[in-house]
>>> print(open('work-v3.csv').read())   # CSV, N, CA and C atoms
chain,number,residue,atom,x,y,z
A,1,GLN,N,0.8,-1.2,0.0
A,1,GLN,CA,0.0,0.0,0.0
A,1,GLN,C,0.9,1.2,0.0
A,2,VAL,N,0.6,2.2,-0.9
A,2,VAL,CA,1.3,3.4,-1.0
A,2,VAL,C,0.3,4.6,-0.7
A,3,GLN,N,0.7,5.5,0.1
A,3,GLN,CA,-0.1,6.7,0.3
A,3,GLN,C,0.6,7.9,-0.3
A,4,LEU,N,-0.1,8.7,-1.0
A,4,LEU,CA,0.4,9.9,-1.6
A,4,LEU,C,-0.4,11.1,-1.2
A,5,VAL,N,0.2,12.1,-0.7
A,5,VAL,CA,-0.5,13.3,-0.2
A,5,VAL,C,0.0,14.6,-0.9
A,6,GLU,N,-0.8,15.2,-1.7
A,6,GLU,CA,-0.3,16.4,-2.4
A,6,GLU,C,-0.6,17.6,-1.5
A,7,SER,N,0.2,18.7,-1.7
A,7,SER,CA,-0.1,20.0,-1.1
A,7,SER,C,0.5,21.0,-2.0
A,8,GLY,N,0.1,22.3,-1.7
A,8,GLY,CA,0.7,23.4,-2.4
A,8,GLY,C,-0.1,24.1,-3.4
A,9,GLY,N,-1.3,23.5,-3.7
A,9,GLY,CA,-2.2,24.1,-4.7
A,9,GLY,C,-2.8,25.4,-4.2
A,10,GLY,N,-3.4,26.1,-5.0
A,10,GLY,CA,-4.1,27.4,-4.6
A,10,GLY,C,-4.4,28.2,-5.8
A,11,LEU,N,-4.8,29.5,-5.5
A,11,LEU,CA,-5.1,30.5,-6.5
A,11,LEU,C,-4.0,31.4,-6.7
A,12,VAL,N,-3.6,31.6,-8.0
A,12,VAL,CA,-2.5,32.5,-8.3
A,12,VAL,C,-2.8,33.3,-9.6
A,13,GLN,N,-2.3,34.4,-9.7
A,13,GLN,CA,-2.5,35.2,-10.9
A,13,GLN,C,-1.6,34.7,-12.0
A,14,ALA,N,-2.0,34.9,-13.2
A,14,ALA,CA,-1.2,34.6,-14.4
A,14,ALA,C,0.2,35.2,-14.3
A,15,GLY,N,1.2,34.4,-14.6
A,15,GLY,CA,2.5,34.8,-14.5
A,15,GLY,C,3.2,34.5,-13.2
A,16,GLY,N,2.4,34.0,-12.2
A,16,GLY,CA,2.9,33.7,-10.9
A,16,GLY,C,3.4,32.3,-10.8
A,17,SER,N,3.8,31.9,-9.6
A,17,SER,CA,4.4,30.6,-9.4
A,17,SER,C,3.7,29.8,-8.2
A,18,LEU,N,3.8,28.5,-8.3
A,18,LEU,CA,3.4,27.7,-7.2
A,18,LEU,C,4.4,26.5,-7.2
A,19,ARG,N,4.5,25.9,-6.0
A,19,ARG,CA,5.3,24.6,-5.9
A,19,ARG,C,4.4,23.6,-5.2
A,20,LEU,N,4.2,22.5,-6.0
A,20,LEU,CA,3.4,21.4,-5.4
A,20,LEU,C,4.3,20.4,-4.8
A,21,SER,N,3.9,19.8,-3.7
A,21,SER,CA,4.6,18.7,-3.1
A,21,SER,C,3.8,17.5,-3.0
A,22,CYS,N,4.4,16.4,-3.0
A,22,CYS,CA,3.7,15.1,-2.9
A,22,CYS,C,4.6,14.2,-1.9
A,23,ALA,N,4.0,14.0,-0.7
A,23,ALA,CA,4.7,13.2,0.3
A,23,ALA,C,4.2,11.7,0.2
A,24,ALA,N,5.1,10.8,0.1
A,24,ALA,CA,4.8,9.4,-0.1
A,24,ALA,C,5.2,8.6,1.1
A,25,SER,N,4.4,7.5,1.3
A,25,SER,CA,4.7,6.6,2.3
A,25,SER,C,4.2,5.2,1.9
A,26,GLY,N,4.8,4.2,2.5
A,26,GLY,CA,4.3,2.8,2.3
A,26,GLY,C,5.2,1.9,1.5
A,27,ARG,N,5.6,2.3,0.3
A,27,ARG,CA,6.5,1.5,-0.5
A,27,ARG,C,7.9,2.3,-0.6
A,28,THR,N,8.9,1.6,-0.9
A,28,THR,CA,10.2,2.2,-1.0
A,28,THR,C,10.2,3.3,-2.0
A,29,PHE,N,10.1,4.5,-1.6
A,29,PHE,CA,9.9,5.7,-2.5
A,29,PHE,C,11.1,5.8,-3.4
A,30,SER,N,12.3,5.5,-2.9
A,30,SER,CA,13.4,5.8,-3.7
A,30,SER,C,13.5,4.9,-5.0
A,31,SER,N,12.8,3.8,-5.0
A,31,SER,CA,12.8,3.0,-6.2
A,31,SER,C,11.6,3.2,-7.1
A,32,SER,N,10.7,4.1,-6.8
A,32,SER,CA,9.5,4.4,-7.5
A,32,SER,C,9.7,5.5,-8.6
A,33,GLY,N,9.1,5.2,-9.7
A,33,GLY,CA,8.9,6.3,-10.7
A,33,GLY,C,7.7,7.2,-10.2
A,34,MET,N,7.8,8.5,-10.4
A,34,MET,CA,6.8,9.4,-10.0
A,34,MET,C,6.4,10.3,-11.1
A,35,GLY,N,5.1,10.7,-11.0
A,35,GLY,CA,4.6,11.6,-12.0
A,35,GLY,C,3.6,12.6,-11.5
A,36,TRP,N,3.4,13.7,-12.2
A,36,TRP,CA,2.4,14.7,-11.9
A,36,TRP,C,1.4,14.7,-13.1
A,37,PHE,N,0.2,14.5,-12.8
A,37,PHE,CA,-0.9,14.6,-13.9
A,37,PHE,C,-1.8,15.8,-13.5
A,38,ARG,N,-2.6,16.2,-14.5
A,38,ARG,CA,-3.6,17.2,-14.2
A,38,ARG,C,-4.9,16.9,-15.0
A,39,GLN,N,-6.0,17.3,-14.4
A,39,GLN,CA,-7.3,17.2,-15.1
A,39,GLN,C,-8.1,18.4,-14.9
A,40,ALA,N,-8.4,19.0,-16.1
A,40,ALA,CA,-9.3,20.2,-16.1
A,40,ALA,C,-10.7,19.7,-16.2
A,41,PRO,N,-11.7,20.5,-15.8
A,41,PRO,CA,-13.1,20.2,-16.0
A,41,PRO,C,-13.4,19.8,-17.4
A,42,GLY,N,-14.1,18.6,-17.5
A,42,GLY,CA,-14.5,18.1,-18.8
A,42,GLY,C,-13.4,17.6,-19.7
A,43,LYS,N,-12.2,17.5,-19.2
A,43,LYS,CA,-11.1,17.0,-20.0
A,43,LYS,C,-10.5,15.7,-19.3
A,44,GLU,N,-9.7,15.0,-20.1
A,44,GLU,CA,-9.0,13.8,-19.6
A,44,GLU,C,-7.8,14.2,-18.7
A,45,ARG,N,-7.4,13.2,-17.9
A,45,ARG,CA,-6.3,13.4,-17.0
A,45,ARG,C,-5.0,13.2,-17.9
A,46,ASP,N,-4.2,14.2,-17.9
A,46,ASP,CA,-3.0,14.2,-18.7
A,46,ASP,C,-1.7,14.2,-17.9
A,47,LEU,N,-0.7,13.5,-18.4
A,47,LEU,CA,0.6,13.6,-17.8
A,47,LEU,C,1.3,14.9,-18.0
A,48,VAL,N,1.7,15.5,-16.9
A,48,VAL,CA,2.4,16.9,-17.0
A,48,VAL,C,3.9,16.7,-17.0
A,49,ALA,N,4.4,15.9,-16.0
A,49,ALA,CA,5.8,15.7,-15.9
A,49,ALA,C,6.0,14.4,-15.1
A,50,SER,N,7.2,13.8,-15.3
A,50,SER,CA,7.5,12.5,-14.6
A,50,SER,C,9.0,12.5,-14.4
A,51,ILE,N,9.4,11.6,-13.4
A,51,ILE,CA,10.8,11.5,-13.0
A,51,ILE,C,11.1,10.1,-12.6
A,52,ASN,N,12.3,9.6,-13.0
A,52,ASN,CA,12.6,8.3,-12.6
A,52,ASN,C,13.1,8.2,-11.2
A,53,TRP,N,13.5,7.0,-10.7
A,53,TRP,CA,13.8,6.8,-9.3
A,53,TRP,C,14.9,7.6,-8.8
A,54,SER,N,15.9,7.8,-9.6
A,54,SER,CA,17.1,8.6,-9.2
A,54,SER,C,17.0,10.1,-9.4
A,55,GLY,N,16.0,10.5,-10.2
A,55,GLY,CA,15.9,11.9,-10.6
A,55,GLY,C,16.8,12.2,-11.8
A,56,GLY,N,17.5,11.2,-12.3
A,56,GLY,CA,18.3,11.5,-13.5
A,56,GLY,C,17.6,11.6,-14.8
A,57,SER,N,16.4,11.2,-14.9
A,57,SER,CA,15.6,11.3,-16.1
A,57,SER,C,14.3,11.9,-15.8
A,58,THR,N,13.9,12.8,-16.7
A,58,THR,CA,12.6,13.5,-16.5
A,58,THR,C,11.9,13.6,-17.9
A,59,TYR,N,10.6,13.8,-17.8
A,59,TYR,CA,9.8,14.1,-19.0
A,59,TYR,C,8.8,15.2,-18.7
A,60,TYR,N,8.6,16.0,-19.7
A,60,TYR,CA,7.7,17.1,-19.6
A,60,TYR,C,6.7,17.1,-20.8
A,61,ALA,N,5.5,17.4,-20.6
A,61,ALA,CA,4.6,17.7,-21.7
A,61,ALA,C,5.0,19.0,-22.4
A,62,ASP,N,4.7,19.0,-23.7
A,62,ASP,CA,5.2,20.2,-24.4
A,62,ASP,C,4.6,21.5,-23.9
A,63,SER,N,3.4,21.4,-23.3
A,63,SER,CA,2.7,22.6,-22.8
A,63,SER,C,3.3,23.2,-21.6
A,64,VAL,N,4.2,22.5,-20.9
A,64,VAL,CA,4.8,23.0,-19.7
A,64,VAL,C,6.3,23.1,-19.8
A,65,LYS,N,6.9,22.6,-20.9
A,65,LYS,CA,8.4,22.7,-21.0
A,65,LYS,C,8.9,24.1,-20.8
A,66,GLY,N,9.9,24.2,-20.0
A,66,GLY,CA,10.5,25.5,-19.8
A,66,GLY,C,9.9,26.3,-18.7
A,67,ARG,N,8.7,25.9,-18.2
A,67,ARG,CA,8.0,26.6,-17.2
A,67,ARG,C,7.9,25.7,-15.9
A,68,PHE,N,7.8,24.4,-16.0
A,68,PHE,CA,7.6,23.5,-14.9
A,68,PHE,C,8.9,22.7,-14.7
A,69,THR,N,9.2,22.4,-13.4
A,69,THR,CA,10.3,21.6,-13.1
A,69,THR,C,9.9,20.5,-12.1
A,70,ILE,N,10.1,19.3,-12.4
A,70,ILE,CA,9.9,18.2,-11.5
A,70,ILE,C,11.2,17.8,-10.8
A,71,SER,N,11.1,17.5,-9.5
A,71,SER,CA,12.3,17.1,-8.8
A,71,SER,C,11.9,16.2,-7.6
A,72,ARG,N,12.8,15.5,-7.0
A,72,ARG,CA,12.5,14.6,-5.9
A,72,ARG,C,13.6,14.6,-4.9
A,73,ASP,N,13.2,14.4,-3.6
A,73,ASP,CA,14.1,14.2,-2.5
A,73,ASP,C,13.8,12.9,-1.9
A,74,ASN,N,14.6,11.9,-2.2
A,74,ASN,CA,14.4,10.6,-1.7
A,74,ASN,C,14.6,10.4,-0.2
A,75,ALA,N,15.4,11.3,0.4
A,75,ALA,CA,15.6,11.3,1.8
A,75,ALA,C,14.3,11.8,2.5
A,76,LYS,N,13.5,12.6,1.8
A,76,LYS,CA,12.2,13.1,2.4
A,76,LYS,C,11.0,12.4,1.9
A,77,ASN,N,11.2,11.4,1.0
A,77,ASN,CA,10.1,10.7,0.3
A,77,ASN,C,9.1,11.7,-0.3
A,78,THR,N,9.6,12.7,-1.0
A,78,THR,CA,8.8,13.7,-1.5
A,78,THR,C,9.2,14.1,-3.0
A,79,VAL,N,8.2,14.3,-3.8
A,79,VAL,CA,8.4,14.8,-5.1
A,79,VAL,C,7.8,16.1,-5.3
A,80,TYR,N,8.4,17.0,-6.1
A,80,TYR,CA,7.9,18.4,-6.2
A,80,TYR,C,7.6,18.7,-7.6
A,81,LEU,N,6.8,19.7,-7.8
A,81,LEU,CA,6.5,20.3,-9.1
A,81,LEU,C,6.6,21.8,-9.0
A,82,GLN,N,7.6,22.4,-9.4
A,82,GLN,CA,7.8,23.8,-9.4
A,82,GLN,C,7.1,24.4,-10.7
A,83,MET,N,6.1,25.2,-10.5
A,83,MET,CA,5.4,25.8,-11.7
A,83,MET,C,5.6,27.3,-11.7
A,84,ASN,N,6.2,27.7,-12.8
A,84,ASN,CA,6.5,29.1,-13.0
A,84,ASN,C,5.7,29.6,-14.2
A,85,SER,N,5.6,30.9,-14.4
A,85,SER,CA,4.9,31.6,-15.5
A,85,SER,C,3.6,30.9,-15.8
A,86,LEU,N,2.8,30.8,-14.7
A,86,LEU,CA,1.6,30.1,-14.8
A,86,LEU,C,0.6,30.8,-15.8
A,87,LYS,N,-0.2,30.0,-16.5
A,87,LYS,CA,-1.2,30.5,-17.4
A,87,LYS,C,-2.6,30.1,-17.0
A,88,PRO,N,-3.6,30.8,-17.4
A,88,PRO,CA,-5.0,30.3,-17.0
A,88,PRO,C,-5.3,28.9,-17.5
A,89,GLU,N,-4.7,28.5,-18.6
A,89,GLU,CA,-4.9,27.1,-19.1
A,89,GLU,C,-4.2,26.0,-18.2
A,90,ASP,N,-3.4,26.5,-17.3
A,90,ASP,CA,-2.8,25.5,-16.3
A,90,ASP,C,-3.8,25.1,-15.2
A,91,THR,N,-4.9,25.8,-15.2
A,91,THR,CA,-5.9,25.6,-14.1
A,91,THR,C,-6.4,24.1,-14.2
A,92,ALA,N,-6.3,23.4,-13.1
A,92,ALA,CA,-6.7,22.0,-13.1
A,92,ALA,C,-6.6,21.4,-11.7
A,93,VAL,N,-7.0,20.2,-11.5
A,93,VAL,CA,-6.7,19.5,-10.3
A,93,VAL,C,-5.4,18.7,-10.7
A,94,TYR,N,-4.4,18.8,-9.9
A,94,TYR,CA,-3.1,18.2,-10.1
A,94,TYR,C,-3.0,17.0,-9.2
A,95,TYR,N,-2.6,15.8,-9.8
A,95,TYR,CA,-2.5,14.6,-9.1
A,95,TYR,C,-1.0,14.1,-9.1
A,96,CYS,N,-0.6,13.5,-8.0
A,96,CYS,CA,0.7,12.9,-7.9
A,96,CYS,C,0.4,11.4,-8.1
A,97,ALA,N,1.3,10.7,-8.8
A,97,ALA,CA,1.2,9.3,-9.0
A,97,ALA,C,2.5,8.6,-8.8
A,98,ALA,N,2.5,7.3,-8.4
A,98,ALA,CA,3.7,6.5,-8.2
A,98,ALA,C,3.6,5.2,-8.8
A,99,GLY,N,4.7,4.6,-9.2
A,99,GLY,CA,4.7,3.3,-9.9
A,99,GLY,C,6.0,2.6,-9.7
A,100,PRO,N,6.0,1.3,-10.0
A,100,PRO,CA,7.2,0.5,-9.8
A,100,PRO,C,8.3,0.8,-10.7
A,101,VAL,N,7.9,1.3,-11.9
A,101,VAL,CA,8.9,1.7,-12.9
A,101,VAL,C,8.5,3.0,-13.5
A,102,TRP,N,9.4,3.7,-14.1
A,102,TRP,CA,9.1,5.0,-14.7
A,102,TRP,C,8.1,4.8,-15.8
A,103,GLY,N,7.0,5.6,-15.7
A,103,GLY,CA,6.0,5.5,-16.8
A,103,GLY,C,4.9,4.6,-16.5
A,104,LEU,N,4.9,3.9,-15.4
A,104,LEU,CA,3.8,3.0,-15.0
A,104,LEU,C,3.4,3.4,-13.6
A,105,TYR,N,2.1,3.7,-13.5
A,105,TYR,CA,1.6,4.3,-12.2
A,105,TYR,C,0.5,3.4,-11.7
A,106,ASP,N,0.6,3.1,-10.4
A,106,ASP,CA,-0.5,2.3,-9.8
A,106,ASP,C,-1.0,2.9,-8.5
A,107,TYR,N,-0.5,4.0,-8.1
A,107,TYR,CA,-1.0,4.7,-6.9
A,107,TYR,C,-1.2,6.1,-7.2
A,108,TRP,N,-2.3,6.7,-6.7
A,108,TRP,CA,-2.6,8.1,-7.0
A,108,TRP,C,-2.9,8.9,-5.7
A,109,GLY,N,-2.6,10.1,-5.7
A,109,GLY,CA,-3.0,11.0,-4.6
A,109,GLY,C,-4.4,11.5,-4.8
A,110,GLN,N,-4.9,12.3,-3.8
A,110,GLN,CA,-6.3,12.8,-3.9
A,110,GLN,C,-6.4,14.0,-4.7
A,111,GLY,N,-5.3,14.6,-5.1
A,111,GLY,CA,-5.4,15.8,-6.0
A,111,GLY,C,-5.3,17.1,-5.2
A,112,THR,N,-4.8,18.1,-5.8
A,112,THR,CA,-4.8,19.5,-5.3
A,112,THR,C,-5.2,20.4,-6.4
A,113,GLN,N,-6.0,21.4,-6.1
A,113,GLN,CA,-6.6,22.3,-7.1
A,113,GLN,C,-5.6,23.4,-7.3
A,114,VAL,N,-5.3,23.7,-8.6
A,114,VAL,CA,-4.5,24.9,-9.0
A,114,VAL,C,-5.4,25.7,-9.9
A,115,THR,N,-5.6,27.0,-9.5
A,115,THR,CA,-6.4,27.9,-10.3
A,115,THR,C,-5.6,29.1,-10.6
A,116,VAL,N,-5.5,29.4,-11.9
A,116,VAL,CA,-4.7,30.6,-12.4
A,116,VAL,C,-5.7,31.6,-13.0
A,117,SER,N,-5.7,32.8,-12.4
A,117,SER,CA,-6.6,33.8,-12.8
A,117,SER,C,-5.9,34.7,-13.8
A,118,SER,N,-6.7,35.2,-14.8
A,118,SER,CA,-6.1,36.0,-15.8
A,118,SER,C,-6.2,37.5,-15.4
>>> encode(input="work-v3.csv", output="structure tokens")
Amino acid sequence: QVQLVESGGGLVQAGGSLRLSCAASGRTFSSSGMGWFRQAPGKERDLVASINWSGGSTYYADSVKGRFTISRDNAKNTVYLQMNSLKPEDTAVYYCAAGPVWGLYDYWGQGTQVTVSS
């Protein structure tokens, strides 16, 4: 059993920044691939960014490249998503996910709302 708890969401003006955190417990965090997804109202849940177990490999969706940065601290069992230059279209519920290998996810957090006002 893995538990993931996201935090750091909120309301921010366009151009602003937020940092999301996801605290993990239950499985050996340091061996898990991690990802951040988002889901806007009426849309599918999409992968935003992901990171492998060591942090040496990352992936970003084209829509967030150059603005978002994913990182992890295995000593703290936490993965982060630094979001800069936020746009109204970034508004969504953001979910943290964990999996046994990079790109495969079997546990999800409850989500945190990010709202970007124009």
>>> residues_around(input="work-v3.csv", residues="stretch 16-31 of chain A", least_positions_apart="2", cutoff="6 Å", atoms="all atoms listed in the file", output="MDAnalysis selection string")
chainID A and resid 1:9 12:14 33 53:54 74 77:86 100
>>> write_last_selection(input="work-v3.csv", atoms="N, CA and C atoms", output="JSON list (two decimals), in the coordinates of the input")
[["chain", "number", "residue", "atom", "x", "y", "z"],
["A", 1, "GLN", "N", 0.80, -1.20, 0.00],
["A", 1, "GLN", "CA", 0.00, 0.00, 0.00],
["A", 1, "GLN", "C", 0.90, 1.20, 0.00],
["A", 2, "VAL", "N", 0.60, 2.20, -0.90],
["A", 2, "VAL", "CA", 1.30, 3.40, -1.00],
["A", 2, "VAL", "C", 0.30, 4.60, -0.70],
["A", 3, "GLN", "N", 0.70, 5.50, 0.10],
["A", 3, "GLN", "CA", -0.10, 6.70, 0.30],
["A", 3, "GLN", "C", 0.60, 7.90, -0.30],
["A", 4, "LEU", "N", -0.10, 8.70, -1.00],
["A", 4, "LEU", "CA", 0.40, 9.90, -1.60],
["A", 4, "LEU", "C", -0.40, 11.10, -1.20],
["A", 5, "VAL", "N", 0.20, 12.10, -0.70],
["A", 5, "VAL", "CA", -0.50, 13.30, -0.20],
["A", 5, "VAL", "C", 0.00, 14.60, -0.90],
["A", 6, "GLU", "N", -0.80, 15.20, -1.70],
["A", 6, "GLU", "CA", -0.30, 16.40, -2.40],
["A", 6, "GLU", "C", -0.60, 17.60, -1.50],
["A", 7, "SER", "N", 0.20, 18.70, -1.70],
["A", 7, "SER", "CA", -0.10, 20.00, -1.10],
["A", 7, "SER", "C", 0.50, 21.00, -2.00],
["A", 8, "GLY", "N", 0.10, 22.30, -1.70],
["A", 8, "GLY", "CA", 0.70, 23.40, -2.40],
["A", 8, "GLY", "C", -0.10, 24.10, -3.40],
["A", 9, "GLY", "N", -1.30, 23.50, -3.70],
["A", 9, "GLY", "CA", -2.20, 24.10, -4.70],
["A", 9, "GLY", "C", -2.80, 25.40, -4.20],
["A", 12, "VAL", "N", -3.60, 31.60, -8.00],
["A", 12, "VAL", "CA", -2.50, 32.50, -8.30],
["A", 12, "VAL", "C", -2.80, 33.30, -9.60],
["A", 13, "GLN", "N", -2.30, 34.40, -9.70],
["A", 13, "GLN", "CA", -2.50, 35.20, -10.90],
["A", 13, "GLN", "C", -1.60, 34.70, -12.00],
["A", 14, "ALA", "N", -2.00, 34.90, -13.20],
["A", 14, "ALA", "CA", -1.20, 34.60, -14.40],
["A", 14, "ALA", "C", 0.20, 35.20, -14.30],
["A", 33, "GLY", "N", 9.10, 5.20, -9.70],
["A", 33, "GLY", "CA", 8.90, 6.30, -10.70],
["A", 33, "GLY", "C", 7.70, 7.20, -10.20],
["A", 53, "TRP", "N", 13.50, 7.00, -10.70],
["A", 53, "TRP", "CA", 13.80, 6.80, -9.30],
["A", 53, "TRP", "C", 14.90, 7.60, -8.80],
["A", 54, "SER", "N", 15.90, 7.80, -9.60],
["A", 54, "SER", "CA", 17.10, 8.60, -9.20],
["A", 54, "SER", "C", 17.00, 10.10, -9.40],
["A", 74, "ASN", "N", 14.60, 11.90, -2.20],
["A", 74, "ASN", "CA", 14.40, 10.60, -1.70],
["A", 74, "ASN", "C", 14.60, 10.40, -0.20],
["A", 77, "ASN", "N", 11.20, 11.40, 1.00],
["A", 77, "ASN", "CA", 10.10, 10.70, 0.30],
["A", 77, "ASN", "C", 9.10, 11.70, -0.30],
["A", 78, "THR", "N", 9.60, 12.70, -1.00],
["A", 78, "THR", "CA", 8.80, 13.70, -1.50],
["A", 78, "THR", "C", 9.20, 14.10, -3.00],
["A", 79, "VAL", "N", 8.20, 14.30, -3.80],
["A", 79, "VAL", "CA", 8.40, 14.80, -5.10],
["A", 79, "VAL", "C", 7.80, 16.10, -5.30],
["A", 80, "TYR", "N", 8.40, 17.00, -6.10],
["A", 80, "TYR", "CA", 7.90, 18.40, -6.20],
["A", 80, "TYR", "C", 7.60, 18.70, -7.60],
["A", 81, "LEU", "N", 6.80, 19.70, -7.80],
["A", 81, "LEU", "CA", 6.50, 20.30, -9.10],
["A", 81, "LEU", "C", 6.60, 21.80, -9.00],
["A", 82, "GLN", "N", 7.60, 22.40, -9.40],
["A", 82, "GLN", "CA", 7.80, 23.80, -9.40],
["A", 82, "GLN", "C", 7.10, 24.40, -10.70],
["A", 83, "MET", "N", 6.10, 25.20, -10.50],
["A", 83, "MET", "CA", 5.40, 25.80, -11.70],
["A", 83, "MET", "C", 5.60, 27.30, -11.70],
["A", 84, "ASN", "N", 6.20, 27.70, -12.80],
["A", 84, "ASN", "CA", 6.50, 29.10, -13.00],
["A", 84, "ASN", "C", 5.70, 29.60, -14.20],
["A", 85, "SER", "N", 5.60, 30.90, -14.40],
["A", 85, "SER", "CA", 4.90, 31.60, -15.50],
["A", 85, "SER", "C", 3.60, 30.90, -15.80],
["A", 86, "LEU", "N", 2.80, 30.80, -14.70],
["A", 86, "LEU", "CA", 1.60, 30.10, -14.80],
["A", 86, "LEU", "C", 0.60, 30.80, -15.80],
["A", 100, "PRO", "N", 6.00, 1.30, -10.00],
["A", 100, "PRO", "CA", 7.20, 0.50, -9.80],
["A", 100, "PRO", "C", 8.30, 0.80, -10.70]]
>>> closest_residue(input="work-v3.csv", among="A:Ile70, A:Val48, A:Ala61, A:Met34", to="A:Tyr94", atoms="only C-alpha atoms")
A:Val48
>>> residues_around(input="work-v3.csv", residues="A:Tyr60", least_positions_apart="4", cutoff="8 Å", atoms="all atoms listed in the file", output="compact mmCIF listing (two decimals) with N, CA and C atoms, keeping the file's coordinate frame")
# COMPACT_ATOMS: atom_id res chain seq x y z
N LEU A 47 -0.70 13.50 -18.40
CA LEU A 47 0.60 13.60 -17.80
C LEU A 47 1.30 14.90 -18.00
N VAL A 48 1.70 15.50 -16.90
CA VAL A 48 2.40 16.90 -17.00
C VAL A 48 3.90 16.70 -17.00
N ALA A 49 4.40 15.90 -16.00
CA ALA A 49 5.80 15.70 -15.90
C ALA A 49 6.00 14.40 -15.10
N SER A 50 7.20 13.80 -15.30
CA SER A 50 7.50 12.50 -14.60
C SER A 50 9.00 12.50 -14.40
N ILE A 51 9.40 11.60 -13.40
CA ILE A 51 10.80 11.50 -13.00
C ILE A 51 11.10 10.10 -12.60
N VAL A 64 4.20 22.50 -20.90
CA VAL A 64 4.80 23.00 -19.70
C VAL A 64 6.30 23.10 -19.80
N LYS A 65 6.90 22.60 -20.90
CA LYS A 65 8.40 22.70 -21.00
C LYS A 65 8.90 24.10 -20.80
N GLY A 66 9.90 24.20 -20.00
CA GLY A 66 10.50 25.50 -19.80
C GLY A 66 9.90 26.30 -18.70
N PHE A 68 7.80 24.40 -16.00
CA PHE A 68 7.60 23.50 -14.90
C PHE A 68 8.90 22.70 -14.70
N ILE A 70 10.10 19.30 -12.40
CA ILE A 70 9.90 18.20 -11.50
C ILE A 70 11.20 17.80 -10.80
>>> atom_distance(input="work-v3.csv", atom1="atom CA of A:Ser117", atom2="atom CA of A:Ala97")
26.0 Å
>>> atom_distance(input="work-v3.csv", atom1="atom CA of A:Gly111", atom2="atom CA of A:Lys43")
15.2 Å
>>> residues_around(input="work-v3.csv", residues="stretch 88-93 of chain A", least_positions_apart="4", cutoff="8 Å", atoms="all atoms listed in the file", output="PyMOL selection string")
chain A and resi 13-15+37-41+110-118
>>> select_by_dssp(input="work-v3.csv", residues="chain A", states="strand (DSSP E or B)", output="MDAnalysis selection string")
chainID A and resid 3:7 10:13 18:25 33:39 46:51 58:60 68:73 78:83 92:99 101 104 107:108 112:117
>>> atom_distance(input="work-v3.csv", atom1="atom CA of A:Asp73", atom2="atom CA of A:Ser32")
11.9 Å
>>> residues_around(input="work-v3.csv", residues="A:Ala98", least_positions_apart="5", cutoff="6 Å", atoms="all atoms listed in the file", output="list in words")
Gly33, Met34, Gly35, Leu104, Tyr105, Asp106, Tyr107 and Trp108 of chain A
>>> decode(input="work-v3.csv", residues="stretch 39-49 of chain A", atoms="N, CA, C and O atoms", output="PDB file, in the first residue's frame")
ATOM      1  N   GLN A  39      -5.954  17.349 -14.435  1.00  0.00           N
ATOM      2  CA  GLN A  39      -7.253  17.152 -15.086  1.00  0.00           C
ATOM      3  C   GLN A  39      -8.079  18.410 -14.925  1.00  0.00           C
ATOM      4  O   GLN A  39      -8.417  18.809 -13.806  1.00  0.00           O
ATOM      5  N   ALA A  40      -8.402  19.022 -16.051  1.00  0.00           N
ATOM      6  CA  ALA A  40      -9.270  20.191 -16.073  1.00  0.00           C
ATOM      7  C   ALA A  40     -10.713  19.721 -16.236  1.00  0.00           C
ATOM      8  O   ALA A  40     -10.961  18.618 -16.727  1.00  0.00           O
ATOM      9  N   PRO A  41     -11.684  20.545 -15.843  1.00  0.00           N
ATOM     10  CA  PRO A  41     -13.098  20.155 -15.967  1.00  0.00           C
ATOM     11  C   PRO A  41     -13.449  19.755 -17.392  1.00  0.00           C
ATOM     12  O   PRO A  41     -13.141  20.478 -18.341  1.00  0.00           O
ATOM     13  N   GLY A  42     -14.067  18.596 -17.531  1.00  0.00           N
ATOM     14  CA  GLY A  42     -14.496  18.140 -18.831  1.00  0.00           C
ATOM     15  C   GLY A  42     -13.404  17.575 -19.707  1.00  0.00           C
ATOM     16  O   GLY A  42     -13.645  17.247 -20.872  1.00  0.00           O
ATOM     17  N   LYS A  43     -12.193  17.457 -19.172  1.00  0.00           N
ATOM     18  CA  LYS A  43     -11.068  16.956 -19.962  1.00  0.00           C
ATOM     19  C   LYS A  43     -10.481  15.710 -19.322  1.00  0.00           C
ATOM     20  O   LYS A  43     -10.750  15.399 -18.172  1.00  0.00           O
ATOM     21  N   GLU A  44      -9.671  15.016 -20.109  1.00  0.00           N
ATOM     22  CA  GLU A  44      -9.018  13.828 -19.603  1.00  0.00           C
ATOM     23  C   GLU A  44      -7.847  14.190 -18.692  1.00  0.00           C
ATOM     24  O   GLU A  44      -7.326  15.300 -18.737  1.00  0.00           O
ATOM     25  N   ARG A  45      -7.437  13.223 -17.892  1.00  0.00           N
ATOM     26  CA  ARG A  45      -6.277  13.405 -17.042  1.00  0.00           C
ATOM     27  C   ARG A  45      -5.022  13.218 -17.895  1.00  0.00           C
ATOM     28  O   ARG A  45      -4.851  12.176 -18.530  1.00  0.00           O
ATOM     29  N   ASP A  46      -4.164  14.200 -17.904  1.00  0.00           N
ATOM     30  CA  ASP A  46      -2.967  14.172 -18.738  1.00  0.00           C
ATOM     31  C   ASP A  46      -1.693  14.213 -17.900  1.00  0.00           C
ATOM     32  O   ASP A  46      -1.644  14.880 -16.861  1.00  0.00           O
ATOM     33  N   LEU A  47      -0.678  13.545 -18.412  1.00  0.00           N
ATOM     34  CA  LEU A  47       0.624  13.585 -17.762  1.00  0.00           C
ATOM     35  C   LEU A  47       1.274  14.946 -17.995  1.00  0.00           C
ATOM     36  O   LEU A  47       1.357  15.418 -19.132  1.00  0.00           O
ATOM     37  N   VAL A  48       1.731  15.547 -16.933  1.00  0.00           N
ATOM     38  CA  VAL A  48       2.394  16.850 -17.015  1.00  0.00           C
ATOM     39  C   VAL A  48       3.909  16.680 -16.969  1.00  0.00           C
ATOM     40  O   VAL A  48       4.640  17.259 -17.769  1.00  0.00           O
ATOM     41  N   ALA A  49       4.373  15.885 -16.019  1.00  0.00           N
ATOM     42  CA  ALA A  49       5.805  15.673 -15.852  1.00  0.00           C
ATOM     43  C   ALA A  49       6.034  14.371 -15.094  1.00  0.00           C
ATOM     44  O   ALA A  49       5.178  13.955 -14.308  1.00  0.00           O
TER      45      ALA A  49
END
